[in-house]
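So the structure is just underneath, and the comments pick up after that.
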Amino acid sequence: WHQVFGPASAWIGYASFAPPGAKREGDGRTPSGSYHFSYFFGTAPNPGVHFPWRHAHTYDYWDDDPASPRYNTWVNTRRHSAGRSPEPLHVRPYRDVAVIDYNAARTPDRGSAIFLHVTHHSATNGCVSLPRHQVVRLLRWLRPSDHPRIIMGTAATVTR
């Protein structure tokens with residue numbers, strides 16, 4: 001691989017990185033590891049991405065409830081319950097978002113809603129955030145056929 005742009009300063013979870021396998025729901029840590037992206041979404045119009053894009057409406061939430069059958073999934077609350085304390089997807093930092101395919105098996109309590117999104121200029125609850133111009137540039141550049149990955153963590157916890 002070769003560097004195309006960056007480096008960039010990003011915000012991560014307020015409790016730093018979780019060691020591999022140690023991320024838990026609500027712990028404020030960003031999971032360490034290497035992950036694919038599943039799809040992109042946002043409250044803004046599609047900025048011209050190559051990945052599947054979904055528009056987030058006021059009734060769209062992410063189910064963060066480990067006891068819910070829809071844990072770690074996008075939920076249209078007009079049709080289904082999004083569990084206890086779901087995460088609204090129609091918020092300003094989610095103008096442009098890449099869904100990080102973390103906990104794809106939806107193992108209860110292993111963490112949910114891990115995204116690369118537009119910064120709100122403070123630590124996240126476990127996501128990675130960058131200024132909007134950098135997020136949009138990155139989302140436009142990524143191609144599903146290249147099988148891109150995001151590598152998160154410290155040098156001690158992540159191997160390339």
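Each chain in the structure tokens gets a letter, A, B, ..., in the order shown, and its residues are numbered from 1; ligands are numbered from 1 in order too.
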
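By only C-alpha atoms, and with residues fewer than 5 positions from Gly153 in chain A along its chain excluded, the set lying at most 10 Å from it is Ile12, Ser16, Phe17, Ala18, Pro19, Pro20, Thr30, Pro31, Ser32, Gly33, Ser34, Val158 and Thr159 of chain A.
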
Can you list, as a PDB file with N, CA and C atoms, in the first residue's frame, every residue of chain A that DSSP puts in strand (DSSP E or B)?
ATOM      1  N   TRP A  11     -10.341  12.246  16.228  1.00  0.00           N
ATOM      2  CA  TRP A  11     -10.857  12.022  17.569  1.00  0.00           C
ATOM      3  C   TRP A  11     -11.235  10.552  17.667  1.00  0.00           C
ATOM      4  N   GLY A  13     -12.560   7.397  20.897  1.00  0.00           N
ATOM      5  CA  GLY A  13     -13.355   7.256  22.109  1.00  0.00           C
ATOM      6  C   GLY A  13     -12.737   7.961  23.303  1.00  0.00           C
ATOM      7  N   PHE A  17      -8.292   3.584  23.292  1.00  0.00           N
ATOM      8  CA  PHE A  17      -8.485   2.340  22.549  1.00  0.00           C
ATOM      9  C   PHE A  17      -8.670   1.167  23.499  1.00  0.00           C
ATOM     10  N   ALA A  18      -9.576   0.262  23.129  1.00  0.00           N
ATOM     11  CA  ALA A  18      -9.719  -0.998  23.856  1.00  0.00           C
ATOM     12  C   ALA A  18      -8.722  -1.983  23.266  1.00  0.00           C
ATOM     13  N   THR A  30     -12.594   2.943  21.686  1.00  0.00           N
ATOM     14  CA  THR A  30     -12.573   2.596  20.270  1.00  0.00           C
ATOM     15  C   THR A  30     -11.914   1.221  20.148  1.00  0.00           C
ATOM     16  N   PRO A  31     -12.535   0.294  19.413  1.00  0.00           N
ATOM     17  CA  PRO A  31     -11.938  -1.039  19.316  1.00  0.00           C
ATOM     18  C   PRO A  31     -10.630  -1.016  18.522  1.00  0.00           C
ATOM     19  N   GLY A  33      -7.929  -2.872  16.099  1.00  0.00           N
ATOM     20  CA  GLY A  33      -7.979  -3.915  15.082  1.00  0.00           C
ATOM     21  C   GLY A  33      -8.067  -3.351  13.688  1.00  0.00           C
ATOM     22  N   SER A  34      -8.241  -4.235  12.737  1.00  0.00           N
ATOM     23  CA  SER A  34      -8.340  -3.903  11.323  1.00  0.00           C
ATOM     24  C   SER A  34      -9.715  -4.342  10.843  1.00  0.00           C
ATOM     25  N   TYR A  35     -10.479  -3.419  10.269  1.00  0.00           N
ATOM     26  CA  TYR A  35     -11.868  -3.690   9.915  1.00  0.00           C
ATOM     27  C   TYR A  35     -12.202  -3.156   8.533  1.00  0.00           C
ATOM     28  N   HIS A  36     -13.110  -3.851   7.846  1.00  0.00           N
ATOM     29  CA  HIS A  36     -13.649  -3.375   6.573  1.00  0.00           C
ATOM     30  C   HIS A  36     -14.734  -2.334   6.851  1.00  0.00           C
ATOM     31  N   PHE A  37     -15.221  -1.717   5.796  1.00  0.00           N
ATOM     32  CA  PHE A  37     -16.384  -0.832   5.861  1.00  0.00           C
ATOM     33  C   PHE A  37     -17.554  -1.583   5.245  1.00  0.00           C
ATOM     34  N   SER A  38     -18.754  -1.433   5.802  1.00  0.00           N
ATOM     35  CA  SER A  38     -19.896  -2.147   5.231  1.00  0.00           C
ATOM     36  C   SER A  38     -20.686  -1.268   4.263  1.00  0.00           C
ATOM     37  N   TYR A  39     -21.035  -0.062   4.646  1.00  0.00           N
ATOM     38  CA  TYR A  39     -21.731   0.884   3.766  1.00  0.00           C
ATOM     39  C   TYR A  39     -21.556   2.268   4.349  1.00  0.00           C
ATOM     40  N   PHE A  40     -22.016   3.265   3.613  1.00  0.00           N
ATOM     41  CA  PHE A  40     -21.918   4.654   4.042  1.00  0.00           C
ATOM     42  C   PHE A  40     -23.332   5.212   4.191  1.00  0.00           C
ATOM     43  N   PHE A  41     -23.465   6.228   5.043  1.00  0.00           N
ATOM     44  CA  PHE A  41     -24.758   6.888   5.189  1.00  0.00           C
ATOM     45  C   PHE A  41     -24.551   8.325   5.604  1.00  0.00           C
ATOM     46  N   GLY A  42     -25.646   9.053   5.654  1.00  0.00           N
ATOM     47  CA  GLY A  42     -25.563  10.417   6.138  1.00  0.00           C
ATOM     48  C   GLY A  42     -26.884  11.135   6.110  1.00  0.00           C
ATOM     49  N   TRP A  53     -24.971   3.689  -0.258  1.00  0.00           N
ATOM     50  CA  TRP A  53     -25.277   4.871   0.550  1.00  0.00           C
ATOM     51  C   TRP A  53     -26.721   4.806   1.030  1.00  0.00           C
ATOM     52  N   ARG A  54     -26.938   5.152   2.305  1.00  0.00           N
ATOM     53  CA  ARG A  54     -28.286   5.256   2.861  1.00  0.00           C
ATOM     54  C   ARG A  54     -28.468   6.655   3.425  1.00  0.00           C
ATOM     55  N   HIS A  55     -29.641   7.202   3.242  1.00  0.00           N
ATOM     56  CA  HIS A  55     -29.944   8.502   3.842  1.00  0.00           C
ATOM     57  C   HIS A  55     -30.552   8.263   5.231  1.00  0.00           C
ATOM     58  N   ASP A  60     -34.676   6.937  11.921  1.00  0.00           N
ATOM     59  CA  ASP A  60     -33.623   5.923  11.840  1.00  0.00           C
ATOM     60  C   ASP A  60     -32.718   5.986  13.070  1.00  0.00           C
ATOM     61  N   TYR A  61     -32.482   4.829  13.663  1.00  0.00           N
ATOM     62  CA  TYR A  61     -31.666   4.705  14.871  1.00  0.00           C
ATOM     63  C   TYR A  61     -30.745   3.504  14.736  1.00  0.00           C
ATOM     64  N   TRP A  62     -29.691   3.488  15.557  1.00  0.00           N
ATOM     65  CA  TRP A  62     -28.823   2.320  15.654  1.00  0.00           C
ATOM     66  C   TRP A  62     -29.128   1.655  16.983  1.00  0.00           C
ATOM     67  N   TRP A  74     -28.948  -0.983  12.024  1.00  0.00           N
ATOM     68  CA  TRP A  74     -29.763   0.187  11.685  1.00  0.00           C
ATOM     69  C   TRP A  74     -31.218  -0.224  11.831  1.00  0.00           C
ATOM     70  N   VAL A  75     -32.031   0.602  12.472  1.00  0.00           N
ATOM     71  CA  VAL A  75     -33.436   0.276  12.678  1.00  0.00           C
ATOM     72  C   VAL A  75     -34.315   1.454  12.272  1.00  0.00           C
ATOM     73  N   ASN A  76     -35.301   1.172  11.449  1.00  0.00           N
ATOM     74  CA  ASN A  76     -36.332   2.132  11.092  1.00  0.00           C
ATOM     75  C   ASN A  76     -37.397   1.993  12.175  1.00  0.00           C
ATOM     76  N   GLU A  87     -29.370   4.871  19.418  1.00  0.00           N
ATOM     77  CA  GLU A  87     -28.589   6.016  18.964  1.00  0.00           C
ATOM     78  C   GLU A  87     -29.246   6.636  17.730  1.00  0.00           C
ATOM     79  N   PRO A  88     -29.650   7.918  17.815  1.00  0.00           N
ATOM     80  CA  PRO A  88     -30.250   8.553  16.640  1.00  0.00           C
ATOM     81  C   PRO A  88     -29.223   8.716  15.526  1.00  0.00           C
ATOM     82  N   VAL A  97     -20.914   9.449   6.795  1.00  0.00           N
ATOM     83  CA  VAL A  97     -20.465   8.397   7.702  1.00  0.00           C
ATOM     84  C   VAL A  97     -20.073   7.129   6.945  1.00  0.00           C
ATOM     85  N   ALA A  98     -19.001   6.503   7.396  1.00  0.00           N
ATOM     86  CA  ALA A  98     -18.649   5.156   6.948  1.00  0.00           C
ATOM     87  C   ALA A  98     -18.909   4.216   8.119  1.00  0.00           C
ATOM     88  N   VAL A  99     -19.691   3.184   7.895  1.00  0.00           N
ATOM     89  CA  VAL A  99     -19.964   2.195   8.938  1.00  0.00           C
ATOM     90  C   VAL A  99     -18.782   1.235   8.978  1.00  0.00           C
ATOM     91  N   ILE A 100     -18.099   1.213  10.115  1.00  0.00           N
ATOM     92  CA  ILE A 100     -16.976   0.300  10.320  1.00  0.00           C
ATOM     93  C   ILE A 100     -17.566  -1.053  10.686  1.00  0.00           C
ATOM     94  N   PHE A 115     -18.396   3.962  13.937  1.00  0.00           N
ATOM     95  CA  PHE A 115     -18.424   4.667  12.663  1.00  0.00           C
ATOM     96  C   PHE A 115     -17.192   5.549  12.490  1.00  0.00           C
ATOM     97  N   LEU A 116     -16.904   5.904  11.251  1.00  0.00           N
ATOM     98  CA  LEU A 116     -16.009   6.994  10.905  1.00  0.00           C
ATOM     99  C   LEU A 116     -16.945   8.115  10.483  1.00  0.00           C
ATOM    100  N   HIS A 117     -16.939   9.218  11.227  1.00  0.00           N
ATOM    101  CA  HIS A 117     -17.910  10.279  10.957  1.00  0.00           C
ATOM    102  C   HIS A 117     -17.292  11.661  11.112  1.00  0.00           C
ATOM    103  N   VAL A 118     -18.107  12.658  10.821  1.00  0.00           N
ATOM    104  CA  VAL A 118     -17.696  14.058  10.926  1.00  0.00           C
ATOM    105  C   VAL A 118     -17.527  14.427  12.395  1.00  0.00           C
ATOM    106  N   THR A 124     -15.226  10.883  21.094  1.00  0.00           N
ATOM    107  CA  THR A 124     -16.448  10.172  20.715  1.00  0.00           C
ATOM    108  C   THR A 124     -16.793   9.134  21.788  1.00  0.00           C
ATOM    109  N   VAL A 128     -14.534   6.985  15.342  1.00  0.00           N
ATOM    110  CA  VAL A 128     -13.409   7.783  14.873  1.00  0.00           C
ATOM    111  C   VAL A 128     -14.017   8.955  14.126  1.00  0.00           C
ATOM    112  N   SER A 129     -13.536  10.176  14.400  1.00  0.00           N
ATOM    113  CA  SER A 129     -14.096  11.329  13.698  1.00  0.00           C
ATOM    114  C   SER A 129     -12.994  12.241  13.171  1.00  0.00           C
ATOM    115  N   LEU A 130     -13.305  12.853  12.044  1.00  0.00           N
ATOM    116  CA  LEU A 130     -12.400  13.756  11.338  1.00  0.00           C
ATOM    117  C   LEU A 130     -13.196  14.977  10.871  1.00  0.00           C
ATOM    118  N   ARG A 149      -9.704  -1.212   4.369  1.00  0.00           N
ATOM    119  CA  ARG A 149      -9.794  -1.484   5.802  1.00  0.00           C
ATOM    120  C   ARG A 149      -9.362  -0.241   6.568  1.00  0.00           C
ATOM    121  N   ILE A 150      -9.874  -0.111   7.765  1.00  0.00           N
ATOM    122  CA  ILE A 150      -9.410   0.913   8.692  1.00  0.00           C
ATOM    123  C   ILE A 150      -8.663   0.175   9.793  1.00  0.00           C
ATOM    124  N   ILE A 151      -7.481   0.661  10.107  1.00  0.00           N
ATOM    125  CA  ILE A 151      -6.675   0.074  11.169  1.00  0.00           C
ATOM    126  C   ILE A 151      -6.703   1.021  12.343  1.00  0.00           C
ATOM    127  N   MET A 152      -7.167   0.529  13.492  1.00  0.00           N
ATOM    128  CA  MET A 152      -7.354   1.377  14.668  1.00  0.00           C
ATOM    129  C   MET A 152      -6.594   0.784  15.842  1.00  0.00           C
TER     130      MET A 152
END

Would you pick out the contacts of Leu142 in chain A at 8 Å or less, using only C-alpha atoms, so that residues sharing its chain but fewer than 4 positions from it are not included, and give the list as a PDB file with N, CA and C atoms, in the first residue's frame?
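Output (part.pdb):
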ATOM      1  N   VAL A  49     -20.196   8.852  -3.510  1.00  0.00           N
ATOM      2  CA  VAL A  49     -19.389   7.730  -3.048  1.00  0.00           C
ATOM      3  C   VAL A  49     -19.631   6.503  -3.922  1.00  0.00           C
ATOM      4  N   HIS A  50     -18.743   5.525  -3.823  1.00  0.00           N
ATOM      5  CA  HIS A  50     -18.840   4.287  -4.588  1.00  0.00           C
ATOM      6  C   HIS A  50     -19.428   3.141  -3.765  1.00  0.00           C
ATOM      7  N   PHE A  51     -19.453   3.287  -2.458  1.00  0.00           N
ATOM      8  CA  PHE A  51     -20.059   2.296  -1.568  1.00  0.00           C
ATOM      9  C   PHE A  51     -21.575   2.496  -1.565  1.00  0.00           C
ATOM     10  N   LEU A 138     -12.246  11.197   1.810  1.00  0.00           N
ATOM     11  CA  LEU A 138     -11.971   9.781   2.007  1.00  0.00           C
ATOM     12  C   LEU A 138     -13.106   8.908   1.470  1.00  0.00           C
ATOM     13  N   ASP A 146     -11.696  -2.527  -3.835  1.00  0.00           N
ATOM     14  CA  ASP A 146     -10.353  -2.543  -3.248  1.00  0.00           C
ATOM     15  C   ASP A 146     -10.343  -3.181  -1.858  1.00  0.00           C
ATOM     16  N   PRO A 148     -11.165  -1.972   1.147  1.00  0.00           N
ATOM     17  CA  PRO A 148     -10.417  -1.125   2.089  1.00  0.00           C
ATOM     18  C   PRO A 148     -10.687  -1.498   3.536  1.00  0.00           C
TER      19      PRO A 148
END

Practice prompt. Write out as a list in words which residues come within 6 Å of Ser112 in chain A when counting only C-alpha atoms, dropping same-chain ones fewer than 2 positions away.
Written response: Asp64, Asn72 and Ile114 of chain A

Convert the current residue selection to file output with N, CA, C and O atoms, as a CSV table (one decimal), in the first residue's frame.
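Wrote it out as selection_39.csv, contents follow:
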chain,number,residue,atom,x,y,z
A,64,ASP,N,-28.3,-0.1,20.1
A,64,ASP,CA,-27.2,-0.3,21.0
A,64,ASP,C,-27.5,-1.2,22.2
A,64,ASP,O,-26.7,-1.4,23.1
A,72,ASN,N,-26.8,-3.9,17.3
A,72,ASN,CA,-25.8,-3.5,16.3
A,72,ASN,C,-26.3,-3.4,14.9
A,72,ASN,O,-25.6,-3.8,14.0
A,114,ILE,N,-20.0,1.6,15.6
A,114,ILE,CA,-18.6,2.1,15.4
A,114,ILE,C,-18.5,2.6,14.0
A,114,ILE,O,-18.6,1.9,13.0

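The closest residue to Tyr94 in chain A, picked from A:His57, A:His147, A:Arg29, A:Arg137 and counting only C-alpha atoms, is A:His57.
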
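Counting only C-alpha atoms, the residue from A:Ala113, A:Ala156, A:Arg70, A:Gly126 that sits nearest to Tyr14 in chain A is A:Gly126.
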